[in-house]
file entry_37.cif (mmCIF, N, CA and C atoms)
data_my_file
#
loop_
_atom_site.label_atom_id
_atom_site.label_comp_id
_atom_site.auth_asym_id
_atom_site.auth_seq_id
_atom_site.Cartn_x
_atom_site.Cartn_y
_atom_site.Cartn_z
N MET A 29 174.99 181.18 114.00
CA MET A 29 174.03 180.37 114.72
C MET A 29 174.62 179.98 116.07
N VAL A 30 173.83 180.10 117.13
CA VAL A 30 174.25 179.72 118.47
C VAL A 30 173.15 178.90 119.12
N ASN A 31 173.53 177.81 119.77
CA ASN A 31 172.59 176.96 120.50
C ASN A 31 173.14 176.81 121.92
N ILE A 32 172.33 177.13 122.91
CA ILE A 32 172.76 177.07 124.31
C ILE A 32 171.87 176.12 125.09
N ASP A 33 172.49 175.21 125.83
CA ASP A 33 171.79 174.34 126.76
C ASP A 33 172.39 174.60 128.14
N ALA A 34 171.81 175.56 128.86
CA ALA A 34 172.36 175.99 130.15
C ALA A 34 172.36 174.87 131.18
N ASP A 35 171.37 174.00 131.13
CA ASP A 35 171.31 172.89 132.09
C ASP A 35 172.49 171.93 131.95
N LYS A 36 172.96 171.75 130.72
CA LYS A 36 174.09 170.86 130.46
C LYS A 36 175.42 171.62 130.40
N GLY A 37 175.37 172.95 130.42
CA GLY A 37 176.58 173.76 130.36
C GLY A 37 177.25 173.72 128.99
N ILE A 38 176.44 173.69 127.93
CA ILE A 38 176.99 173.56 126.58
C ILE A 38 176.53 174.73 125.70
N ILE A 39 177.50 175.29 125.00
CA ILE A 39 177.24 176.31 123.99
C ILE A 39 177.79 175.78 122.67
N GLU A 40 176.96 175.75 121.64
CA GLU A 40 177.38 175.32 120.31
C GLU A 40 177.16 176.49 119.36
N ALA A 41 178.16 176.75 118.52
CA ALA A 41 178.04 177.88 117.60
C ALA A 41 178.67 177.54 116.27
N THR A 42 178.30 178.30 115.26
CA THR A 42 178.91 178.19 113.94
C THR A 42 179.45 179.56 113.56
N ASP A 43 180.71 179.57 113.13
CA ASP A 43 181.33 180.80 112.67
C ASP A 43 181.58 180.65 111.17
N THR A 44 181.43 181.73 110.43
CA THR A 44 181.66 181.71 108.99
C THR A 44 182.89 182.56 108.69
N THR A 45 183.87 181.97 107.98
CA THR A 45 185.08 182.69 107.67
C THR A 45 184.80 183.80 106.67
N ALA A 46 185.60 184.86 106.75
CA ALA A 46 185.36 186.05 105.94
C ALA A 46 185.65 185.82 104.45
N TRP A 47 186.74 185.15 104.12
CA TRP A 47 187.14 185.07 102.71
C TRP A 47 186.30 184.14 101.87
N PHE A 48 186.14 182.91 102.33
CA PHE A 48 185.47 181.92 101.49
C PHE A 48 184.13 181.43 102.06
N SER A 49 183.71 182.02 103.16
CA SER A 49 182.45 181.65 103.82
C SER A 49 182.41 180.19 104.25
N PHE A 50 183.59 179.63 104.64
CA PHE A 50 183.62 178.29 105.20
C PHE A 50 182.97 178.30 106.57
N LYS A 51 182.33 177.21 106.94
CA LYS A 51 181.69 177.08 108.24
C LYS A 51 182.63 176.37 109.22
N ASP A 52 182.78 176.92 110.42
CA ASP A 52 183.55 176.32 111.49
C ASP A 52 182.60 176.07 112.67
N ASP A 53 182.73 174.90 113.29
CA ASP A 53 181.90 174.56 114.44
C ASP A 53 182.69 174.80 115.72
N ILE A 54 182.03 175.43 116.69
CA ILE A 54 182.64 175.73 117.99
C ILE A 54 181.74 175.17 119.07
N VAL A 55 182.35 174.49 120.05
CA VAL A 55 181.60 173.97 121.19
C VAL A 55 182.34 174.38 122.46
N VAL A 56 181.62 174.96 123.41
CA VAL A 56 182.16 175.29 124.72
C VAL A 56 181.34 174.50 125.74
N ARG A 57 182.05 173.73 126.56
CA ARG A 57 181.38 172.93 127.59
C ARG A 57 181.93 173.35 128.95
N ILE A 58 181.04 173.66 129.88
CA ILE A 58 181.43 174.08 131.23
C ILE A 58 180.89 173.06 132.22
N THR A 59 181.79 172.51 133.03
CA THR A 59 181.38 171.52 134.03
C THR A 59 181.95 171.91 135.39
N ASP A 60 181.18 171.64 136.43
CA ASP A 60 181.62 171.87 137.80
C ASP A 60 182.07 170.55 138.40
N SER A 61 183.20 170.58 139.09
CA SER A 61 183.75 169.40 139.72
C SER A 61 184.25 169.80 141.10
N GLU A 62 183.42 169.59 142.11
CA GLU A 62 183.71 169.95 143.50
C GLU A 62 184.15 171.40 143.63
N ASN A 63 185.45 171.68 143.73
CA ASN A 63 185.93 173.04 143.98
C ASN A 63 186.44 173.75 142.73
N GLU A 64 186.20 173.20 141.58
CA GLU A 64 186.69 173.85 140.38
C GLU A 64 185.66 173.80 139.26
N ARG A 65 185.80 174.74 138.34
CA ARG A 65 184.94 174.79 137.16
C ARG A 65 185.85 174.58 135.95
N LEU A 66 185.50 173.63 135.11
CA LEU A 66 186.31 173.31 133.94
C LEU A 66 185.63 173.83 132.68
N VAL A 67 186.43 174.40 131.79
CA VAL A 67 185.93 174.91 130.51
C VAL A 67 186.65 174.17 129.40
N ASP A 68 185.91 173.47 128.57
CA ASP A 68 186.44 172.72 127.43
C ASP A 68 185.98 173.43 126.16
N ILE A 69 186.93 173.83 125.32
CA ILE A 69 186.62 174.58 124.11
C ILE A 69 187.13 173.80 122.90
N ARG A 70 186.28 173.62 121.92
CA ARG A 70 186.67 172.94 120.68
C ARG A 70 186.23 173.77 119.49
N SER A 71 187.08 173.78 118.48
CA SER A 71 186.77 174.51 117.25
C SER A 71 187.32 173.69 116.09
N LYS A 72 186.49 173.49 115.06
CA LYS A 72 186.93 172.67 113.93
C LYS A 72 186.27 173.16 112.65
N SER A 73 187.08 173.22 111.61
CA SER A 73 186.57 173.57 110.30
C SER A 73 185.78 172.39 109.74
N ARG A 74 184.68 172.66 109.08
CA ARG A 74 183.89 171.59 108.47
C ARG A 74 184.52 171.07 107.18
N ILE A 75 185.36 171.89 106.55
CA ILE A 75 185.92 171.54 105.24
C ILE A 75 187.44 171.52 105.32
N GLY A 76 188.04 170.51 104.71
CA GLY A 76 189.49 170.47 104.57
C GLY A 76 190.21 169.90 105.77
N GLY A 77 191.49 169.64 105.58
CA GLY A 77 192.31 169.06 106.63
C GLY A 77 192.99 170.10 107.49
N SER A 78 193.03 171.35 107.03
CA SER A 78 193.70 172.41 107.79
C SER A 78 192.89 173.69 107.67
N ASP A 79 192.86 174.43 108.75
CA ASP A 79 192.20 175.74 108.72
C ASP A 79 193.23 176.86 108.89
N LEU A 80 194.51 176.51 108.71
CA LEU A 80 195.62 177.47 108.77
C LEU A 80 195.70 178.17 110.12
N GLY A 81 195.33 177.46 111.18
CA GLY A 81 195.45 178.00 112.54
C GLY A 81 194.27 178.81 113.03
N LYS A 82 193.22 178.91 112.23
CA LYS A 82 192.05 179.72 112.61
C LYS A 82 191.38 179.20 113.89
N SER A 83 191.22 177.88 114.02
CA SER A 83 190.58 177.31 115.21
C SER A 83 191.41 177.58 116.46
N ALA A 84 192.73 177.38 116.36
CA ALA A 84 193.61 177.62 117.51
C ALA A 84 193.56 179.09 117.92
N ALA A 85 193.58 179.99 116.95
CA ALA A 85 193.52 181.42 117.24
C ALA A 85 192.19 181.78 117.91
N ARG A 86 191.10 181.17 117.44
CA ARG A 86 189.79 181.42 118.01
C ARG A 86 189.75 180.99 119.48
N ILE A 87 190.29 179.80 119.77
CA ILE A 87 190.31 179.29 121.14
C ILE A 87 191.18 180.16 122.03
N HIS A 88 192.37 180.52 121.55
CA HIS A 88 193.25 181.39 122.35
C HIS A 88 192.60 182.74 122.63
N GLY A 89 191.90 183.29 121.65
CA GLY A 89 191.19 184.56 121.84
C GLY A 89 190.09 184.43 122.89
N PHE A 90 189.36 183.33 122.84
CA PHE A 90 188.30 183.11 123.82
C PHE A 90 188.88 182.98 125.22
N ILE A 91 189.97 182.22 125.36
CA ILE A 91 190.61 182.05 126.67
C ILE A 91 191.12 183.39 127.20
N LYS A 92 191.73 184.20 126.33
CA LYS A 92 192.22 185.52 126.75
C LYS A 92 191.08 186.40 127.24
N GLU A 93 189.97 186.39 126.50
CA GLU A 93 188.81 187.19 126.91
C GLU A 93 188.23 186.69 128.23
N LEU A 94 188.15 185.37 128.40
CA LEU A 94 187.65 184.79 129.64
C LEU A 94 188.57 185.15 130.81
N ASP A 95 189.89 185.06 130.61
CA ASP A 95 190.84 185.44 131.65
C ASP A 95 190.67 186.90 132.06
N ASN A 96 190.47 187.78 131.06
CA ASN A 96 190.27 189.21 131.37
C ASN A 96 189.01 189.42 132.19
N LEU A 97 187.94 188.71 131.85
CA LEU A 97 186.69 188.86 132.60
C LEU A 97 186.82 188.34 134.04
N LEU A 98 187.54 187.25 134.19
CA LEU A 98 187.70 186.65 135.54
C LEU A 98 188.66 187.45 136.41
N ALA A 99 189.54 188.24 135.81
CA ALA A 99 190.51 189.05 136.56
C ALA A 99 189.88 190.28 137.17
N LYS A 100 188.68 190.64 136.73
CA LYS A 100 188.02 191.87 137.24
C LYS A 100 187.47 191.67 138.62
#
call {"tool": "encode", "arguments": {"input": "entry_37.cif", "output": "structure tokens"}}
result
Amino acid sequence: MVNIDADKGIIEATDTTAWFSFKDDIVVRITDSENERLVDIRSKSRIGGSDLGKSAARIHGFIKELDNLLAK
């Protein structure tokens, strides 16, 4: 599931893990501030106290992909 509010610069999504079908919530917020554009990325498992690094890996993967796109 993905919900986009382009006017507010917000993307909300839900990812489902492969093994146990746990739901993870992801939010990407993009804001402009004078001469720079800021990207805030959050990822959190809905269940449990730890996701064994899945959220961090997801964020790092997104940043890597964004860096590759911006380098072109």
call {"tool": "select_by_dssp", "arguments": {"input": "entry_37.cif", "residues": "chain A", "states": "helix (DSSP H, G or I)", "output": "count of residues only"}}
result
18
call {"tool": "atom_distance", "arguments": {"input": "entry_37.cif", "atom1": "atom CA of Ile32 of chain A", "atom2": "atom CA of Ala99 of chain A"}}
result
24.7 Å
call {"tool": "resolve_selection", "arguments": {"input": "entry_37.cif", "expression": "the PyMOL selection byres (((chain A and resi 67 and name CA) around 6) and name CA)", "output": "number ranges by chain"}}
result
A: 57-58, 66, 68
call {"tool": "resolve_selection", "arguments": {"input": "entry_37.cif", "expression": "the PyMOL selection byres ((chain A and resi 75) around 8)", "output": "ChimeraX atom specification"}}
result
/A:50-53,72-74,76-79
call {"tool": "atom_distance", "arguments": {"input": "entry_37.cif", "atom1": "atom CA of Thr59 of chain A", "atom2": "atom CA of Gly37 of chain A"}}
result
6.4 Å
call {"tool": "decode", "arguments": {"input": "entry_37.cif", "residues": "segment 81-97 of chain A", "atoms": "all heavy atoms", "output": "PDB file, in the first residue's frame"}}
result
ATOM      1  N   GLY A  81      17.300  -5.166  12.191  1.00  0.00           N
ATOM      2  CA  GLY A  81      18.008  -4.301  11.248  1.00  0.00           C
ATOM      3  C   GLY A  81      17.319  -4.090   9.912  1.00  0.00           C
ATOM      4  O   GLY A  81      17.860  -3.432   9.019  1.00  0.00           O
ATOM      5  N   LYS A  82      16.127  -4.635   9.744  1.00  0.00           N
ATOM      6  CA  LYS A  82      15.415  -4.523   8.461  1.00  0.00           C
ATOM      7  C   LYS A  82      15.103  -3.064   8.109  1.00  0.00           C
ATOM      8  O   LYS A  82      15.280  -2.652   6.969  1.00  0.00           O
ATOM      9  CB  LYS A  82      14.125  -5.353   8.500  1.00  0.00           C
ATOM     10  CG  LYS A  82      13.306  -5.306   7.246  1.00  0.00           C
ATOM     11  CD  LYS A  82      14.015  -5.947   6.088  1.00  0.00           C
ATOM     12  CE  LYS A  82      13.126  -5.943   4.858  1.00  0.00           C
ATOM     13  NZ  LYS A  82      13.840  -6.314   3.663  1.00  0.00           N
ATOM     14  N   SER A  83      14.653  -2.267   9.083  1.00  0.00           N
ATOM     15  CA  SER A  83      14.320  -0.864   8.813  1.00  0.00           C
ATOM     16  C   SER A  83      15.566  -0.075   8.411  1.00  0.00           C
ATOM     17  O   SER A  83      15.535   0.702   7.460  1.00  0.00           O
ATOM     18  CB  SER A  83      13.657  -0.222  10.031  1.00  0.00           C
ATOM     19  OG  SER A  83      12.361  -0.735  10.197  1.00  0.00           O
ATOM     20  N   ALA A  84      16.665  -0.280   9.132  1.00  0.00           N
ATOM     21  CA  ALA A  84      17.913   0.420   8.809  1.00  0.00           C
ATOM     22  C   ALA A  84      18.392   0.041   7.413  1.00  0.00           C
ATOM     23  O   ALA A  84      18.801   0.904   6.629  1.00  0.00           O
ATOM     24  CB  ALA A  84      18.982   0.108   9.841  1.00  0.00           C
ATOM     25  N   ALA A  85      18.327  -1.239   7.074  1.00  0.00           N
ATOM     26  CA  ALA A  85      18.747  -1.692   5.745  1.00  0.00           C
ATOM     27  C   ALA A  85      17.867  -1.082   4.660  1.00  0.00           C
ATOM     28  O   ALA A  85      18.349  -0.693   3.592  1.00  0.00           O
ATOM     29  CB  ALA A  85      18.704  -3.215   5.672  1.00  0.00           C
ATOM     30  N   ARG A  86      16.563  -0.988   4.926  1.00  0.00           N
ATOM     31  CA  ARG A  86      15.634  -0.405   3.967  1.00  0.00           C
ATOM     32  C   ARG A  86      15.980   1.066   3.713  1.00  0.00           C
ATOM     33  O   ARG A  86      16.023   1.527   2.579  1.00  0.00           O
ATOM     34  CB  ARG A  86      14.205  -0.530   4.480  1.00  0.00           C
ATOM     35  CG  ARG A  86      13.160   0.037   3.557  1.00  0.00           C
ATOM     36  CD  ARG A  86      11.765  -0.053   4.149  1.00  0.00           C
ATOM     37  NE  ARG A  86      11.341  -1.444   4.244  1.00  0.00           N
ATOM     38  CZ  ARG A  86      11.055  -2.063   5.382  1.00  0.00           C
ATOM     39  NH1 ARG A  86      11.152  -1.428   6.529  1.00  0.00           N
ATOM     40  NH2 ARG A  86      10.676  -3.330   5.385  1.00  0.00           N
ATOM     41  N   ILE A  87      16.250   1.807   4.786  1.00  0.00           N
ATOM     42  CA  ILE A  87      16.588   3.231   4.659  1.00  0.00           C
ATOM     43  C   ILE A  87      17.909   3.400   3.925  1.00  0.00           C
ATOM     44  O   ILE A  87      18.020   4.233   3.021  1.00  0.00           O
ATOM     45  CB  ILE A  87      16.624   3.902   6.047  1.00  0.00           C
ATOM     46  CG1 ILE A  87      15.198   3.996   6.605  1.00  0.00           C
ATOM     47  CG2 ILE A  87      17.261   5.284   5.973  1.00  0.00           C
ATOM     48  CD1 ILE A  87      15.121   4.424   8.056  1.00  0.00           C
ATOM     49  N   HIS A  88      18.915   2.610   4.282  1.00  0.00           N
ATOM     50  CA  HIS A  88      20.208   2.707   3.589  1.00  0.00           C
ATOM     51  C   HIS A  88      20.071   2.378   2.102  1.00  0.00           C
ATOM     52  O   HIS A  88      20.688   3.025   1.262  1.00  0.00           O
ATOM     53  CB  HIS A  88      21.238   1.789   4.247  1.00  0.00           C
ATOM     54  CG  HIS A  88      21.717   2.286   5.569  1.00  0.00           C
ATOM     55  ND1 HIS A  88      22.487   3.420   5.718  1.00  0.00           N
ATOM     56  CD2 HIS A  88      21.521   1.804   6.819  1.00  0.00           C
ATOM     57  CE1 HIS A  88      22.747   3.614   6.987  1.00  0.00           C
ATOM     58  NE2 HIS A  88      22.151   2.655   7.695  1.00  0.00           N
ATOM     59  N   GLY A  89      19.255   1.386   1.773  1.00  0.00           N
ATOM     60  CA  GLY A  89      19.013   1.039   0.367  1.00  0.00           C
ATOM     61  C   GLY A  89      18.335   2.176  -0.381  1.00  0.00           C
ATOM     62  O   GLY A  89      18.687   2.470  -1.532  1.00  0.00           O
ATOM     63  N   PHE A  90      17.370   2.808   0.258  1.00  0.00           N
ATOM     64  CA  PHE A  90      16.681   3.931  -0.371  1.00  0.00           C
ATOM     65  C   PHE A  90      17.650   5.089  -0.608  1.00  0.00           C
ATOM     66  O   PHE A  90      17.660   5.691  -1.687  1.00  0.00           O
ATOM     67  CB  PHE A  90      15.512   4.400   0.498  1.00  0.00           C
ATOM     68  CG  PHE A  90      14.727   5.517  -0.120  1.00  0.00           C
ATOM     69  CD1 PHE A  90      13.726   5.259  -1.045  1.00  0.00           C
ATOM     70  CD2 PHE A  90      14.998   6.838   0.195  1.00  0.00           C
ATOM     71  CE1 PHE A  90      13.006   6.289  -1.635  1.00  0.00           C
ATOM     72  CE2 PHE A  90      14.290   7.874  -0.379  1.00  0.00           C
ATOM     73  CZ  PHE A  90      13.287   7.594  -1.299  1.00  0.00           C
ATOM     74  N   ILE A  91      18.483   5.398   0.388  1.00  0.00           N
ATOM     75  CA  ILE A  91      19.458   6.492   0.244  1.00  0.00           C
ATOM     76  C   ILE A  91      20.450   6.184  -0.877  1.00  0.00           C
ATOM     77  O   ILE A  91      20.783   7.061  -1.686  1.00  0.00           O
ATOM     78  CB  ILE A  91      20.182   6.751   1.585  1.00  0.00           C
ATOM     79  CG1 ILE A  91      19.204   7.361   2.588  1.00  0.00           C
ATOM     80  CG2 ILE A  91      21.390   7.666   1.385  1.00  0.00           C
ATOM     81  CD1 ILE A  91      19.737   7.435   4.000  1.00  0.00           C
ATOM     82  N   LYS A  92      20.914   4.937  -0.949  1.00  0.00           N
ATOM     83  CA  LYS A  92      21.850   4.546  -2.016  1.00  0.00           C
ATOM     84  C   LYS A  92      21.212   4.718  -3.387  1.00  0.00           C
ATOM     85  O   LYS A  92      21.828   5.247  -4.313  1.00  0.00           O
ATOM     86  CB  LYS A  92      22.289   3.100  -1.798  1.00  0.00           C
ATOM     87  CG  LYS A  92      23.322   2.626  -2.776  1.00  0.00           C
ATOM     88  CD  LYS A  92      23.772   1.214  -2.447  1.00  0.00           C
ATOM     89  CE  LYS A  92      24.805   0.750  -3.447  1.00  0.00           C
ATOM     90  NZ  LYS A  92      25.247  -0.618  -3.157  1.00  0.00           N
ATOM     91  N   GLU A  93      19.964   4.283  -3.519  1.00  0.00           N
ATOM     92  CA  GLU A  93      19.264   4.422  -4.797  1.00  0.00           C
ATOM     93  C   GLU A  93      19.047   5.898  -5.152  1.00  0.00           C
ATOM     94  O   GLU A  93      19.225   6.308  -6.298  1.00  0.00           O
ATOM     95  CB  GLU A  93      17.916   3.697  -4.744  1.00  0.00           C
ATOM     96  CG  GLU A  93      17.214   3.620  -6.070  1.00  0.00           C
ATOM     97  CD  GLU A  93      15.985   2.737  -6.039  1.00  0.00           C
ATOM     98  OE1 GLU A  93      15.911   1.810  -5.205  1.00  0.00           O
ATOM     99  OE2 GLU A  93      15.090   2.976  -6.868  1.00  0.00           O
ATOM    100  N   LEU A  94      18.690   6.713  -4.163  1.00  0.00           N
ATOM    101  CA  LEU A  94      18.501   8.144  -4.385  1.00  0.00           C
ATOM    102  C   LEU A  94      19.819   8.800  -4.799  1.00  0.00           C
ATOM    103  O   LEU A  94      19.853   9.604  -5.741  1.00  0.00           O
ATOM    104  CB  LEU A  94      17.943   8.800  -3.124  1.00  0.00           C
ATOM    105  CG  LEU A  94      17.608  10.285  -3.197  1.00  0.00           C
ATOM    106  CD1 LEU A  94      16.576  10.557  -4.288  1.00  0.00           C
ATOM    107  CD2 LEU A  94      17.101  10.773  -1.855  1.00  0.00           C
ATOM    108  N   ASP A  95      20.921   8.451  -4.127  1.00  0.00           N
ATOM    109  CA  ASP A  95      22.233   8.985  -4.493  1.00  0.00           C
ATOM    110  C   ASP A  95      22.600   8.627  -5.924  1.00  0.00           C
ATOM    111  O   ASP A  95      23.127   9.451  -6.669  1.00  0.00           O
ATOM    112  CB  ASP A  95      23.318   8.469  -3.545  1.00  0.00           C
ATOM    113  CG  ASP A  95      23.299   9.149  -2.187  1.00  0.00           C
ATOM    114  OD1 ASP A  95      22.666  10.211  -2.062  1.00  0.00           O
ATOM    115  OD2 ASP A  95      23.922   8.599  -1.248  1.00  0.00           O
ATOM    116  N   ASN A  96      22.318   7.378  -6.324  1.00  0.00           N
ATOM    117  CA  ASN A  96      22.613   6.957  -7.703  1.00  0.00           C
ATOM    118  C   ASN A  96      21.804   7.761  -8.713  1.00  0.00           C
ATOM    119  O   ASN A  96      22.322   8.147  -9.760  1.00  0.00           O
ATOM    120  CB  ASN A  96      22.328   5.473  -7.872  1.00  0.00           C
ATOM    121  CG  ASN A  96      23.339   4.596  -7.178  1.00  0.00           C
ATOM    122  OD1 ASN A  96      24.458   5.027  -6.891  1.00  0.00           O
ATOM    123  ND2 ASN A  96      22.952   3.365  -6.878  1.00  0.00           N
ATOM    124  N   LEU A  97      20.534   8.016  -8.407  1.00  0.00           N
ATOM    125  CA  LEU A  97      19.696   8.782  -9.330  1.00  0.00           C
ATOM    126  C   LEU A  97      20.167  10.245  -9.431  1.00  0.00           C
ATOM    127  O   LEU A  97      20.159  10.830 -10.517  1.00  0.00           O
ATOM    128  CB  LEU A  97      18.238   8.753  -8.881  1.00  0.00           C
ATOM    129  CG  LEU A  97      17.511   7.442  -9.079  1.00  0.00           C
ATOM    130  CD1 LEU A  97      16.157   7.468  -8.389  1.00  0.00           C
ATOM    131  CD2 LEU A  97      17.346   7.142 -10.563  1.00  0.00           C
TER     132      LEU A  97
END
